[in-house]
Every structure is written in structure tokens, then in C-alpha cells.
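K.L.:
Below is the file data.tsv, which contains TSV, C-alpha atoms.
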```tsv
chain	number	residue	atom	x	y	z
A	81	MET	CA	15.96	5.32	28.17
A	82	SER	CA	17.87	4.95	24.95
A	83	GLU	CA	16.48	4.49	21.48
A	84	ARG	CA	14.94	1.16	20.52
A	85	GLN	CA	17.12	-1.03	18.33
A	86	PHE	CA	16.59	-4.09	16.20
A	87	TYR	CA	18.29	-7.39	17.11
A	88	ILE	CA	18.38	-10.75	15.36
A	89	ASP	CA	18.94	-13.90	17.43
A	90	PRO	CA	19.43	-16.75	14.94
A	91	SER	CA	19.59	-19.38	17.70
A	92	ARG	CA	16.01	-18.58	18.67
A	93	CYS	CA	14.57	-18.87	15.16
A	94	ILE	CA	12.14	-21.78	14.76
A	95	GLY	CA	11.55	-21.25	11.03
A	96	CYS	CA	7.81	-20.64	11.39
A	97	ASN	CA	7.68	-18.08	8.56
A	98	ALA	CA	5.46	-15.77	10.63
A	99	CYS	CA	7.80	-12.83	9.94
A	100	VAL	CA	7.67	-13.47	6.18
A	101	ALA	CA	3.87	-13.59	6.23
A	102	ALA	CA	3.62	-10.49	8.41
A	103	CYS	CA	6.00	-8.57	6.20
A	104	SER	CA	4.03	-9.34	3.05
A	105	GLU	CA	0.82	-8.22	4.71
A	106	CYS	CA	2.02	-4.65	5.02
A	107	GLU	CA	-0.10	-2.43	2.79
A	108	THR	CA	2.84	-0.39	1.52
A	109	HIS	CA	4.21	-3.43	-0.32
A	110	ALA	CA	1.27	-5.83	-0.25
A	111	GLY	CA	2.05	-9.41	-1.20
A	112	ILE	CA	5.81	-8.95	-1.38
A	113	SER	CA	7.89	-9.96	1.62
A	114	MET	CA	11.08	-8.02	2.19
A	115	ILE	CA	12.39	-10.31	4.91
A	116	HIS	CA	14.40	-13.45	4.14
A	117	LEU	CA	14.11	-16.67	6.08
A	118	GLU	CA	17.38	-18.48	5.37
A	119	THR	CA	18.21	-22.10	6.01
A	120	ILE	CA	21.66	-22.79	7.42
A	121	GLU	CA	23.43	-25.89	6.13
A	122	ARG	CA	20.19	-27.47	5.10
A	123	SER	CA	21.65	-30.94	4.59
A	124	ASN	CA	22.79	-31.15	8.17
A	125	SER	CA	20.46	-28.95	10.18
A	126	VAL	CA	16.95	-27.59	10.39
A	127	GLN	CA	18.30	-24.30	11.72
A	128	THR	CA	16.94	-21.18	10.06
A	129	THR	CA	17.51	-17.48	10.56
A	130	PRO	CA	15.60	-14.40	9.53
A	131	ILE	CA	17.60	-11.79	7.62
A	132	ILE	CA	16.48	-8.19	7.74
A	133	CYS	CA	18.33	-5.15	6.47
A	134	MET	CA	21.28	-4.52	8.78
A	135	HIS	CA	21.26	-0.75	8.03
A	136	CYS	CA	25.01	-0.34	7.59
A	137	GLU	CA	26.87	2.83	8.51
A	138	GLU	CA	28.37	2.79	5.03
A	139	PRO	CA	25.63	1.11	3.01
A	140	ALA	CA	27.22	-0.74	0.10
A	141	CYS	CA	23.87	-0.87	-1.70
A	142	ALA	CA	23.61	2.93	-1.75
A	143	ALA	CA	27.29	3.37	-2.65
A	144	VAL	CA	27.00	1.23	-5.79
A	145	CYS	CA	23.62	2.57	-6.91
A	146	PRO	CA	24.19	4.33	-10.27
A	147	ALA	CA	20.78	6.01	-10.12
A	148	ASP	CA	21.23	7.47	-6.62
A	149	ALA	CA	18.00	5.72	-5.61
A	150	ILE	CA	18.90	4.41	-2.14
A	151	LYS	CA	18.94	6.99	0.65
A	152	ARG	CA	19.48	6.91	4.39
A	153	THR	CA	17.33	9.01	6.69
A	154	ALA	CA	18.73	10.95	9.64
A	155	ASP	CA	17.87	8.15	12.08
A	156	GLY	CA	20.26	5.81	10.26
A	157	VAL	CA	17.63	3.76	8.43
A	158	VAL	CA	18.60	2.85	4.87
A	159	GLN	CA	15.41	3.22	2.89
A	160	SER	CA	14.10	1.03	0.10
A	161	SER	CA	14.81	2.29	-3.42
A	162	LEU	CA	13.02	5.43	-4.59
A	163	LYS	CA	10.53	4.40	-7.25
A	164	PRO	CA	11.15	7.31	-9.65
A	165	ARG	CA	14.91	6.73	-9.56
A	166	CYS	CA	15.42	2.95	-9.41
A	167	ILE	CA	16.42	1.58	-12.81
A	168	GLY	CA	16.33	-2.08	-11.74
A	169	CYS	CA	20.02	-2.72	-12.45
A	170	THR	CA	20.41	-5.08	-9.41
A	171	ASN	CA	23.82	-3.61	-8.52
A	172	CYS	CA	22.67	-3.35	-4.89
A	173	VAL	CA	21.58	-7.00	-4.89
A	174	TYR	CA	25.13	-8.05	-5.74
A	175	ALA	CA	26.81	-5.46	-3.49
A	176	CYS	CA	25.04	-6.13	-0.21
A	177	PRO	CA	27.25	-8.33	2.01
A	178	PHE	CA	24.15	-9.65	3.80
A	179	GLY	CA	22.15	-10.39	0.65
A	180	VAL	CA	19.24	-8.20	1.67
A	181	PRO	CA	18.00	-6.26	-1.41
A	182	LYS	CA	15.55	-8.11	-3.62
A	183	TYR	CA	14.87	-7.24	-7.22
A	184	ASP	CA	11.24	-7.51	-8.26
A	185	SER	CA	11.09	-7.98	-12.02
A	186	GLN	CA	7.33	-7.38	-12.17
A	187	ILE	CA	7.69	-3.78	-11.07
A	188	ASP	CA	11.33	-3.50	-12.25
A	189	GLN	CA	12.44	-2.12	-8.92
A	190	MET	CA	14.55	-3.15	-5.97
A	191	MET	CA	12.69	-3.58	-2.69
A	192	LYS	CA	14.36	-4.03	0.63
A	193	CYS	CA	13.58	-3.99	4.34
A	194	ASP	CA	13.30	-0.42	5.64
A	195	MET	CA	12.63	-1.52	9.21
A	196	CYS	CA	8.90	-0.80	8.61
A	197	TYR	CA	9.66	2.91	8.42
A	198	ASP	CA	5.97	3.82	8.44
A	199	ARG	CA	5.66	2.04	11.81
A	200	THR	CA	9.02	2.59	13.55
A	201	SER	CA	9.10	6.31	12.74
A	202	VAL	CA	5.91	6.74	14.79
A	203	GLY	CA	7.03	4.57	17.72
A	204	LYS	CA	5.57	1.20	16.69
A	205	LYS	CA	7.55	-2.04	16.38
A	206	PRO	CA	8.35	-3.48	12.96
A	207	MET	CA	5.78	-6.01	11.73
A	208	CYS	CA	8.13	-9.02	11.91
A	209	ALA	CA	9.24	-8.25	15.47
A	210	THR	CA	5.64	-8.00	16.65
A	211	VAL	CA	4.72	-11.45	15.32
A	212	CYS	CA	7.92	-13.44	16.02
A	213	PRO	CA	6.78	-16.06	18.59
A	214	SER	CA	10.30	-16.91	19.81
A	215	GLN	CA	11.53	-13.30	19.65
A	216	ALA	CA	14.36	-14.19	17.31
A	217	LEU	CA	13.53	-10.74	15.98
A	218	PHE	CA	13.67	-8.39	18.95
A	219	PHE	CA	12.93	-4.69	18.83
A	220	GLY	CA	13.73	-2.83	22.04
A	221	THR	CA	16.26	-0.77	23.93
A	222	PRO	CA	19.75	-2.20	24.72
A	223	GLU	CA	18.76	-2.12	28.42
A	224	GLU	CA	15.71	-4.30	27.80
A	225	LEU	CA	17.88	-6.65	25.79
A	226	ALA	CA	20.54	-6.91	28.52
A	227	GLU	CA	17.84	-7.74	31.04
A	228	LEU	CA	16.24	-10.47	28.93
A	229	ARG	CA	19.17	-12.11	27.13
A	230	HIS	CA	22.56	-13.53	28.03
A	231	GLY	CA	24.37	-12.93	24.75
A	232	THR	CA	25.80	-9.69	23.39
A	233	PRO	CA	24.72	-8.05	20.20
A	234	VAL	CA	27.40	-7.77	17.51
A	235	HIS	CA	27.41	-4.74	15.23
A	236	ASP	CA	30.82	-5.24	13.57
A	237	PHE	CA	31.25	-7.75	10.78
A	238	LYS	CA	34.62	-8.41	9.26
A	239	PHE	CA	34.57	-9.41	5.60
A	240	GLY	CA	38.28	-9.96	4.94
A	241	ASP	CA	39.93	-6.59	5.60
A	242	LYS	CA	36.68	-4.66	5.45
A	243	THR	CA	34.73	-4.07	8.65
A	244	VAL	CA	31.05	-3.36	8.16
A	245	ARG	CA	29.35	-1.59	11.04
A	246	THR	CA	25.60	-2.01	11.26
A	247	LYS	CA	22.70	-0.46	13.13
A	248	VAL	CA	21.01	-3.84	13.58
A	249	GLY	CA	22.70	-6.28	15.96
A	250	ILE	CA	23.08	-10.07	15.73
A	251	MET	CA	23.06	-11.92	19.05
A	252	MET	CA	26.29	-13.81	19.72
A	253	PRO	CA	27.70	-15.56	22.79
A	254	ALA	CA	28.45	-13.12	25.60
A	255	GLY	CA	31.64	-11.14	25.14
A	256	THR	CA	31.81	-11.43	21.32
A	257	LYS	CA	32.92	-8.14	19.79
A	258	THR	CA	33.07	-8.78	16.07
A	259	MET	CA	31.99	-11.49	13.72
A	260	GLN	CA	34.55	-12.82	11.26
A	261	VAL	CA	32.75	-13.69	8.07
A	262	ARG	CA	34.87	-16.13	6.09
A	263	SER	CA	33.28	-17.49	2.99
A	264	ASP	CA	35.98	-20.14	2.55
A	265	THR	CA	35.49	-21.76	5.93
A	266	LEU	CA	32.30	-23.36	7.03
A	267	ILE	CA	31.98	-25.21	10.31
A	268	ARG	CA	29.61	-28.08	9.79
A	269	LYS	CA	27.82	-29.99	12.49
A	270	THR	CA	29.56	-33.18	11.28
A	271	ASP	CA	32.96	-31.48	11.71
A	272	LEU	CA	32.09	-30.63	15.29
A	273	MET	CA	30.99	-34.21	15.91
A	274	GLU	CA	34.27	-35.51	14.52
A	275	ILE	CA	36.21	-33.16	16.76
A	276	ALA	CA	34.18	-34.39	19.71
A	277	ARG	CA	34.90	-38.06	18.85
A	278	ARG	CA	38.68	-37.58	18.86
B	261	MET	CA	39.46	15.75	-3.81
B	262	SER	CA	39.56	12.26	-5.25
B	263	THR	CA	37.03	11.10	-7.79
B	264	GLN	CA	35.34	8.91	-5.24
B	265	GLN	CA	34.93	11.80	-2.81
B	266	GLU	CA	33.56	13.99	-5.58
B	267	VAL	CA	31.00	11.36	-6.47
B	268	GLN	CA	30.06	10.99	-2.82
B	269	SER	CA	29.57	14.72	-2.37
B	270	ASP	CA	27.55	14.99	-5.60
B	271	PHE	CA	25.40	11.97	-4.79
B	272	PRO	CA	25.26	11.76	-1.00
B	273	ILE	CA	23.75	8.71	0.64
B	274	ASP	CA	22.08	10.64	3.41
B	275	TRP	CA	18.60	11.93	2.69
B	276	GLU	CA	19.14	15.37	4.24
B	277	GLU	CA	22.37	16.06	2.35
B	278	ASP	CA	20.64	14.94	-0.84
B	279	HIS	CA	17.91	17.52	-0.32
B	280	TYR	CA	20.33	20.29	0.58
B	281	VAL	CA	20.85	22.89	-2.15
B	282	SER	CA	23.81	25.22	-1.76
B	283	ARG	CA	23.60	28.90	-2.67
B	284	ARG	CA	26.09	28.33	-5.48
B	285	ASP	CA	24.01	25.48	-6.97
B	286	PHE	CA	20.84	27.53	-6.65
B	287	PHE	CA	22.32	30.48	-8.54
B	288	LYS	CA	23.84	28.16	-11.10
B	289	PHE	CA	20.38	26.74	-11.75
B	290	LEU	CA	18.83	30.20	-11.81
B	291	THR	CA	21.39	31.52	-14.31
B	292	LEU	CA	21.14	28.50	-16.59
B	293	ALA	CA	17.33	28.43	-16.50
B	294	GLY	CA	17.12	32.20	-17.08
B	295	GLY	CA	19.63	32.02	-19.92
B	296	GLY	CA	17.79	29.11	-21.47
B	297	LEU	CA	14.48	30.94	-21.35
B	298	ALA	CA	16.03	34.09	-22.86
B	299	ALA	CA	17.69	32.12	-25.66
B	300	GLY	CA	14.45	30.24	-26.32
B	301	THR	CA	12.43	33.46	-26.49
B	302	VAL	CA	14.89	35.08	-28.92
B	303	THR	CA	14.87	31.96	-31.13
B	304	MET	CA	11.07	31.80	-31.18
B	305	ALA	CA	10.82	35.53	-31.96
B	306	ALA	CA	13.36	35.19	-34.79
B	307	LEU	CA	11.50	32.21	-36.25
B	308	GLY	CA	8.16	33.98	-35.92
B	309	SER	CA	9.30	37.15	-37.69
B	310	ARG	CA	10.54	35.21	-40.74
B	311	PRO	CA	8.27	35.98	-43.69
B	312	ARG	CA	6.21	33.09	-45.02
B	313	SER	CA	4.19	34.91	-47.60
B	314	HIS	CA	3.75	32.33	-50.28
B	315	ILE	CA	3.34	28.58	-50.04
B	316	GLU	CA	3.08	26.39	-53.11
B	317	PHE	CA	0.68	23.47	-53.30
B	318	GLU	CA	-0.48	21.08	-55.98
B	319	PRO	CA	-2.82	22.88	-58.40
B	320	LYS	CA	-6.41	21.73	-58.11
B	321	MET	CA	-9.58	22.42	-60.04
B	322	ILE	CA	-11.97	24.02	-57.59
B	323	ALA	CA	-15.03	25.00	-59.60
B	324	ARG	CA	-16.38	25.89	-62.99
B	325	LYS	CA	-16.95	29.59	-63.53
B	326	ASP	CA	-20.68	29.22	-64.02
B	327	ALA	CA	-21.06	27.30	-60.74
B	328	VAL	CA	-20.78	30.63	-58.87
B	329	GLY	CA	-23.62	33.07	-59.48
B	330	ILE	CA	-22.80	36.78	-59.72
B	331	GLY	CA	-22.80	38.25	-56.21
B	332	ARG	CA	-22.66	34.79	-54.65
B	333	SER	CA	-20.08	32.48	-53.10
B	334	ILE	CA	-19.34	28.75	-52.93
B	335	THR	CA	-17.11	26.71	-50.64
B	336	PHE	CA	-14.35	24.36	-51.72
B	337	SER	CA	-11.53	22.39	-50.07
B	338	TYR	CA	-7.95	23.40	-50.65
B	339	PRO	CA	-5.22	22.19	-50.26
B	340	ARG	CA	-6.51	19.35	-48.06
B	341	GLU	CA	-9.96	17.89	-47.67
B	342	HIS	CA	-10.73	19.69	-44.41
B	343	ASP	CA	-9.30	23.12	-45.33
B	344	ILE	CA	-12.53	24.86	-46.27
B	345	CYS	CA	-12.21	27.93	-48.48
B	346	LEU	CA	-14.57	30.44	-50.07
B	347	LEU	CA	-14.74	31.37	-53.74
B	348	VAL	CA	-16.57	34.71	-54.14
B	349	ARG	CA	-17.79	36.37	-57.34
B	350	PRO	CA	-18.84	39.96	-56.51
B	351	THR	CA	-19.22	41.03	-60.12
B	352	GLU	CA	-19.25	39.16	-63.40
B	353	ASN	CA	-15.50	39.18	-64.02
B	354	GLU	CA	-14.17	39.36	-60.49
B	355	PHE	CA	-13.25	36.27	-58.47
B	356	PHE	CA	-11.74	36.13	-54.99
B	357	ALA	CA	-10.77	33.09	-52.93
B	358	TYR	CA	-9.90	33.03	-49.25
B	359	LYS	CA	-9.63	30.50	-46.47
B	360	GLN	CA	-12.89	30.38	-44.60
B	361	ARG	CA	-11.28	30.26	-41.12
B	362	CYS	CA	-11.20	33.63	-39.40
B	363	THR	CA	-7.65	34.49	-38.29
B	364	HIS	CA	-8.94	35.29	-34.80
B	365	LEU	CA	-10.42	32.03	-33.46
B	366	SER	CA	-11.04	30.03	-36.66
B	367	CYS	CA	-14.79	30.61	-36.94
B	368	PRO	CA	-16.05	30.32	-40.55
B	369	VAL	CA	-16.45	33.69	-42.27
B	370	GLU	CA	-19.39	34.44	-44.57
B	371	TRP	CA	-19.80	36.54	-47.69
B	372	GLN	CA	-21.88	39.72	-47.23
B	373	PRO	CA	-22.59	40.90	-50.78
B	374	GLU	CA	-24.50	44.01	-49.71
B	375	ARG	CA	-21.45	45.34	-47.80
B	376	GLY	CA	-18.77	43.82	-50.01
B	377	ARG	CA	-16.95	42.10	-47.18
B	378	LEU	CA	-16.32	38.76	-45.48
B	379	TYR	CA	-17.90	38.78	-42.07
B	380	CYS	CA	-17.16	36.66	-39.00
B	381	PRO	CA	-20.23	36.51	-36.73
B	382	CYS	CA	-18.36	35.17	-33.70
B	383	HIS	CA	-16.73	38.44	-32.65
B	384	ASN	CA	-17.82	40.94	-35.27
B	385	GLY	CA	-14.71	40.66	-37.37
B	386	ALA	CA	-14.75	41.68	-41.03
B	387	PHE	CA	-12.33	41.41	-43.94
B	388	ASP	CA	-12.13	43.35	-47.17
B	389	ILE	CA	-13.16	41.18	-50.13
B	390	ARG	CA	-10.56	42.68	-52.48
B	391	SER	CA	-7.44	42.49	-50.28
B	392	GLY	CA	-8.45	40.25	-47.39
B	393	ALA	CA	-7.37	43.02	-44.99
B	394	VAL	CA	-9.01	43.36	-41.58
B	395	LEU	CA	-11.76	45.99	-41.65
B	396	GLN	CA	-12.95	45.67	-38.07
B	397	GLY	CA	-12.92	43.46	-35.02
B	398	PRO	CA	-10.31	41.32	-33.27
B	399	PRO	CA	-8.64	39.33	-36.13
B	400	PRO	CA	-4.87	39.90	-35.91
B	401	ARG	CA	-4.02	39.16	-39.54
B	402	PRO	CA	-5.67	39.41	-42.96
B	403	LEU	CA	-7.34	36.27	-44.29
B	404	PRO	CA	-4.96	33.96	-46.17
B	405	ALA	CA	-5.77	34.23	-49.85
B	406	ILE	CA	-5.95	31.30	-52.25
B	407	VAL	CA	-3.91	31.94	-55.39
B	408	PHE	CA	-5.85	30.76	-58.41
B	409	GLU	CA	-5.93	31.07	-62.16
B	410	MET	CA	-8.50	30.70	-64.89
B	411	ARG	CA	-8.05	27.80	-67.25
B	412	GLY	CA	-10.79	28.33	-69.82
B	413	GLU	CA	-14.06	27.95	-67.98
B	414	GLU	CA	-12.46	26.36	-64.91
B	415	VAL	CA	-10.99	27.93	-61.78
B	416	TRP	CA	-7.76	26.27	-60.58
B	417	ALA	CA	-6.18	26.90	-57.17
B	418	THR	CA	-2.37	26.93	-57.26
B	419	GLY	CA	-1.20	28.16	-53.85
B	420	ILE	CA	-1.84	30.07	-50.67
B	421	ARG	CA	-0.67	33.56	-49.82
B	422	GLU	CA	-0.55	34.13	-46.06
B	423	GLY	CA	-1.76	37.49	-44.88
B	424	GLU	CA	0.93	39.80	-43.54
B	425	GLN	CA	1.05	40.64	-39.84
B	426	ALA	CA	-1.25	43.57	-39.24
```
Represent the supplied structure as C-alpha cells.
P.N.:
Amino acid sequence: MSERQFYIDPSRCIGCNACVAACSECETHAGISMIHLETIERSNSVQTTPIICMHCEEPACAAVCPADAIKRTADGVVQSSLKPRCIGCTNCVYACPFGVPKYDSQIDQMMKCDMCYDRTSVGKKPMCATVCPSQALFFGTPEELAELRHGTPVHDFKFGDKTVRTKVGIMMPAGTKTMQVRSDTLIRKTDLMEIARR
Amino acid sequence: MSTQQEVQSDFPIDWEEDHYVSRRDFFKFLTLAGGGLAAGTVTMAALGSRPRSHIEFEPKMIARKDAVGIGRSITFSYPREHDICLLVRPTENEFFAYKQRCTHLSCPVEWQPERGRLYCPCHNGAFDIRSGAVLQGPPPRPLPAIVFEMRGEEVWATGIREGEQA
């Protein structure tokens, strides 16, 4: 059996905030949630999606860090900033293509999702995945995923000419290989309805 | 190697590479640290061996002559309030003034008129009353002497003469 992976399925998210609450209950960063629950086109839809750290193969946050505070462990998990090194410059916050790192001004340090390293490194599931009632956050092997879901996980994201490869997968319709992220185009529900009316 | 590659090799993203220390870096550190310590030691030794025999301070009236009985001693503060010193009068026309802090571990010394010396009871150290030199015990240096002069009936302190290294 292969290694357990983390998958996000935005279409399953019901916006219950359970992941956010569970994340902030962790004693290593008590009271501060490192997961984001994002609304998508709020004016037109109630759809939400959780955003966790995608753990890129070439982490932009670590590459831009002037204090050398963000490190990746051998298992490919990009860790939260090292307290003695982080200078709170928020470079990583701007650099991350997924908008994951959060700057906490009270402690003057960046905090980000480290896939609950204290739990996953000893074989437990991340907090958010254990509480997600609709399993929009799924932590398991690719085989388990293939058995339970129809879609395919996407690990390649194209931002213009740059392809970002991630450890965490986002569930897309079956057969999708890459996701084209184009900030200038946004498909709204109303657009789809207009297309349907024609 | 491009600048970007150099930066990436100096500040690797991966935890294990970051903790890896090459033999060259280790010896570089060893040489620099060793050199730094050697240079520091030489500097400290050079500074320490510089003579500082005489230090000038503001003159201050410390006592009237008749305040000290013959064969007795009194304490006074010089140059600052908490620098306690001894003024000793072994015979009618002889006066000696020293700091009261023993040069060993700063215990106060006391005047022993019957033996003509300043005695430190902490570790059996003793200093000659005439020169301040160490007579016995662990003190490493003579007692610092207070330079003073007679102005009529008054005794005025004018400076401090540090004892030479024994």
C-alpha cells in the first residue's frame, strides 16, 4: 500500500467551518487556525472550499524567504516558519500562489499549514481531515481514493508559463491532468446560464 | 554557477541539506573560531600588561590630623562614596592610606598595630603598612595606595597608585 496523501474536493465542501475550528484547537498553535475556508464568487454562489498548504515541489514561500525560515522535511512537507528565524516580512504571504501562509502580527511570525506534522509523522490523520463531515478534505492512499471517488486528483497547476507541482491533490473531473489558473478569466454561474439559454 | 544557484546551495530549502555541514565548512569554522580566540587572547594579554600605576582623581579632604590617634586607624571614602579606604598613623609623624579591599577577594583589611601590618582575616593575607606589599597569604597584588598630602592640619587625598603585579 502506498503512502497516504492529502486531497481537497471543493465540490464536497459544505462550508461548515469544522476544519477551521479543529485546526485552531491544536495545542501547538492554540487559537490560531492555519486552514482557510474560502468563498467562491460569493455574490452568485454559496460554494466554499477549504485551502490547506499544497506542499509544492518548489515551494515559492521558501524560495523568497530572506531569513531562510521555511524548510521542507524529507517526506516533502513544507514546514511552518521557524520561530527563531522568521522576521515577519510577509514575503511568503505574497509569493504563495495558493495564498496559504498567514502572518500573525501578535507574534510577528508567519504560520502556515504543515499538514499537522505532529500527527501525520506518527501515522495519524490531520485534524481537519478527521473532522470534515463531507470528506472534502480526504487523507488516504491513492488506491482508497480511486475506490471511493470518481474524479482524478490534480497535482499540476499552470500559472501562465509556470507549472507548480504539488504534493496535495485537488479533485477534478475524471481525466483532468492539469489545472489552468487564469486570473483574468472567471467563469460565473450567470455566464453559464446565459450560454445555456442561447 | 549562477547567483540563483549559489543562493540555493547556500540556503537550501530541504531540511536535511540545511543541516548538512561539509568538511570544508567545518574546517573553515574551526580555523576562524580558533584564530578569533587566539587574537582575542593576545589582545586581552596586551591590554592587561599595560601599566596603570597612577590614576588621578579630584582632591578631597579626608580627615584632620588629630582625628587619628597615634597607632590607630580611621576609615574614609575615596574617590567615591562606597570606596572605603583606611588612613593609618603608626607613629606621630607617619601616615599611610590604602584601599580597604583586599586584592584577593575584596574582604576588608584591618590595621594590626602590634605587628605593623594590614591583615585580611578571610584567608590570612597580610600587607606591609609602609609599602602595601604582600607579606603573606593569597593576595596577588599589593594594596592600592591612596596618594595624599598634608595641607596644614588636614589630610587631602589626591589620587590612587595601583599596586604592581606581584
K.L.:
At a cut-off of 9 Å, list the chain B residues touching chain A, using only C-alpha atoms, as a list of chain:residue names.
P.N.:
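My answer is B:Gln268, B:Phe271, B:Pro272, B:Ile273, B:Asp274, B:Trp275, B:Glu276, B:Asp278.
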K.L.:
Which residues are near stretch 95-102 of chain A? Cut-off 7 Å, only C-alpha atoms, ignore same chain within fewer than 4 positions. Put them as a PDB file with C-alpha atoms, in the coordinates of the input.
P.N.:
```
ATOM      1  CA  CYS A 106       2.020  -4.650   5.020  1.00  0.00           C
ATOM      2  CA  SER A 113       7.890  -9.960   1.620  1.00  0.00           C
ATOM      3  CA  ILE A 115      12.390 -10.310   4.910  1.00  0.00           C
ATOM      4  CA  THR A 128      16.940 -21.180  10.060  1.00  0.00           C
ATOM      5  CA  MET A 207       5.780  -6.010  11.730  1.00  0.00           C
ATOM      6  CA  CYS A 208       8.130  -9.020  11.910  1.00  0.00           C
ATOM      7  CA  VAL A 211       4.720 -11.450  15.320  1.00  0.00           C
ATOM      8  CA  CYS A 212       7.920 -13.440  16.020  1.00  0.00           C
TER       9      CYS A 212
END
```
K.L.:
May I ask for the distance between atom CA of A:Met252 and atom CA of A:Pro90, given in Å to one decimal place?
P.N.:
8.9 Å
K.L.:
Kindly provide, as JSON, numbers by chain, the polymer residues lying within 12 Å of (20.9, -23.7, 16.0), counting all atoms listed in the file and using the coordinates exactly as they appear in the file.
P.N.:
{"A": [89, 90, 91, 92, 93, 94, 95, 119, 120, 121, 122, 124, 125, 126, 127, 128, 129, 216, 252, 268, 269]}
K.L.:
Within 8 Å of A:Met195, counting all atoms listed in the file, which residues qualify if same-chain residues fewer than 6 places away don't, as a PyMOL selection string?
P.N.:
chain A and resi 132-133+157+206
K.L.:
Rounded to one decimal, what separation in Å do you get between atom CA of B:Ser269 and atom CA of A:Lys192?
P.N.:
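Computing the Euclidean distance for atom CA of B:Ser269 and atom CA of A:Lys192 yields 24.3 Å.
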K.L.:
Could you check which of A:Lys257, A:Thr210, A:Ile88, A:Val144 is closest to A:Arg229, using all atoms listed in the file?
P.N.:
A:Ile88
K.L.:
Would you list the contacts of B:Arg324 as a PyMOL selection string, taking every protein, DNA or RNA residue within 6 Å and counting all atoms listed in the file, but skipping same-chain residues closer than 3 positions in sequence?
P.N.:
chain B and resi 327+413-415
K.L.:
Rank B:Ala306, B:Val394, B:Ile420, B:Ala357 by their smallest atom-to-atom distance to B:Val328, using only C-alpha atoms, and report the top residue only.
P.N.:
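Nearest candidate to B:Val328 out of B:Ala306, B:Val394, B:Ile420, B:Ala357: B:Ala357.
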K.L.:
Near A:Tyr174, counting only C-alpha atoms, which residues have an atom at most 12 Å away, once you skip same-chain residues fewer than 3 positions from it, shown as number ranges by chain?
P.N.:
A: 140-142, 144-145, 169-171, 177-183, 190
K.L.:
Please indicate the distance in Å from atom CA of B:Leu297 to atom CA of B:Arg283, rounded to one decimal place.
P.N.:
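According to the coordinates, atom CA of B:Leu297 and atom CA of B:Arg283 are separated by 20.9 Å.
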K.L.:
Counting all atoms listed in the file, which of A:Leu217, A:Leu228, A:Gln260, A:Glu223 gets nearest to A:Asp241?
P.N.:
A:Gln260
K.L.:
List the spatial neighbours of stretch 331-342 of chain B as a tab-separated table (two decimals) with C-alpha atoms, in the coordinates of the input - criterion: any atom at most 12 Å away, only C-alpha atoms, same-chain residues fewer than 6 positions off excluded.
P.N.:
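So around19.tsv came out as:
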```tsv
chain	number	residue	atom	x	y	z
B	315	ILE	CA	3.34	28.58	-50.04
B	316	GLU	CA	3.08	26.39	-53.11
B	317	PHE	CA	0.68	23.47	-53.30
B	318	GLU	CA	-0.48	21.08	-55.98
B	319	PRO	CA	-2.82	22.88	-58.40
B	320	LYS	CA	-6.41	21.73	-58.11
B	321	MET	CA	-9.58	22.42	-60.04
B	322	ILE	CA	-11.97	24.02	-57.59
B	323	ALA	CA	-15.03	25.00	-59.60
B	324	ARG	CA	-16.38	25.89	-62.99
B	325	LYS	CA	-16.95	29.59	-63.53
B	348	VAL	CA	-16.57	34.71	-54.14
B	349	ARG	CA	-17.79	36.37	-57.34
B	350	PRO	CA	-18.84	39.96	-56.51
B	351	THR	CA	-19.22	41.03	-60.12
B	352	GLU	CA	-19.25	39.16	-63.40
B	353	ASN	CA	-15.50	39.18	-64.02
B	354	GLU	CA	-14.17	39.36	-60.49
B	355	PHE	CA	-13.25	36.27	-58.47
B	356	PHE	CA	-11.74	36.13	-54.99
B	357	ALA	CA	-10.77	33.09	-52.93
B	358	TYR	CA	-9.90	33.03	-49.25
B	359	LYS	CA	-9.63	30.50	-46.47
B	360	GLN	CA	-12.89	30.38	-44.60
B	361	ARG	CA	-11.28	30.26	-41.12
B	368	PRO	CA	-16.05	30.32	-40.55
B	369	VAL	CA	-16.45	33.69	-42.27
B	370	GLU	CA	-19.39	34.44	-44.57
B	371	TRP	CA	-19.80	36.54	-47.69
B	372	GLN	CA	-21.88	39.72	-47.23
B	373	PRO	CA	-22.59	40.90	-50.78
B	374	GLU	CA	-24.50	44.01	-49.71
B	375	ARG	CA	-21.45	45.34	-47.80
B	376	GLY	CA	-18.77	43.82	-50.01
B	377	ARG	CA	-16.95	42.10	-47.18
B	378	LEU	CA	-16.32	38.76	-45.48
B	389	ILE	CA	-13.16	41.18	-50.13
B	404	PRO	CA	-4.96	33.96	-46.17
B	405	ALA	CA	-5.77	34.23	-49.85
B	406	ILE	CA	-5.95	31.30	-52.25
B	407	VAL	CA	-3.91	31.94	-55.39
B	408	PHE	CA	-5.85	30.76	-58.41
B	415	VAL	CA	-10.99	27.93	-61.78
B	416	TRP	CA	-7.76	26.27	-60.58
B	417	ALA	CA	-6.18	26.90	-57.17
B	418	THR	CA	-2.37	26.93	-57.26
B	419	GLY	CA	-1.20	28.16	-53.85
B	420	ILE	CA	-1.84	30.07	-50.67
```
K.L.:
For stretch 175-194 of chain A, what centre and edge lengths in Å (one decimal) does the axis-aligned box get once 8 Å is added on each side of all its listed atoms, as AutoDock Vina command-line options?
P.N.:
```
--center_x 17.3 --center_y -5.4 --center_z -3.3 --size_x 35.9 --size_y 26.0 --size_z 33.9
```
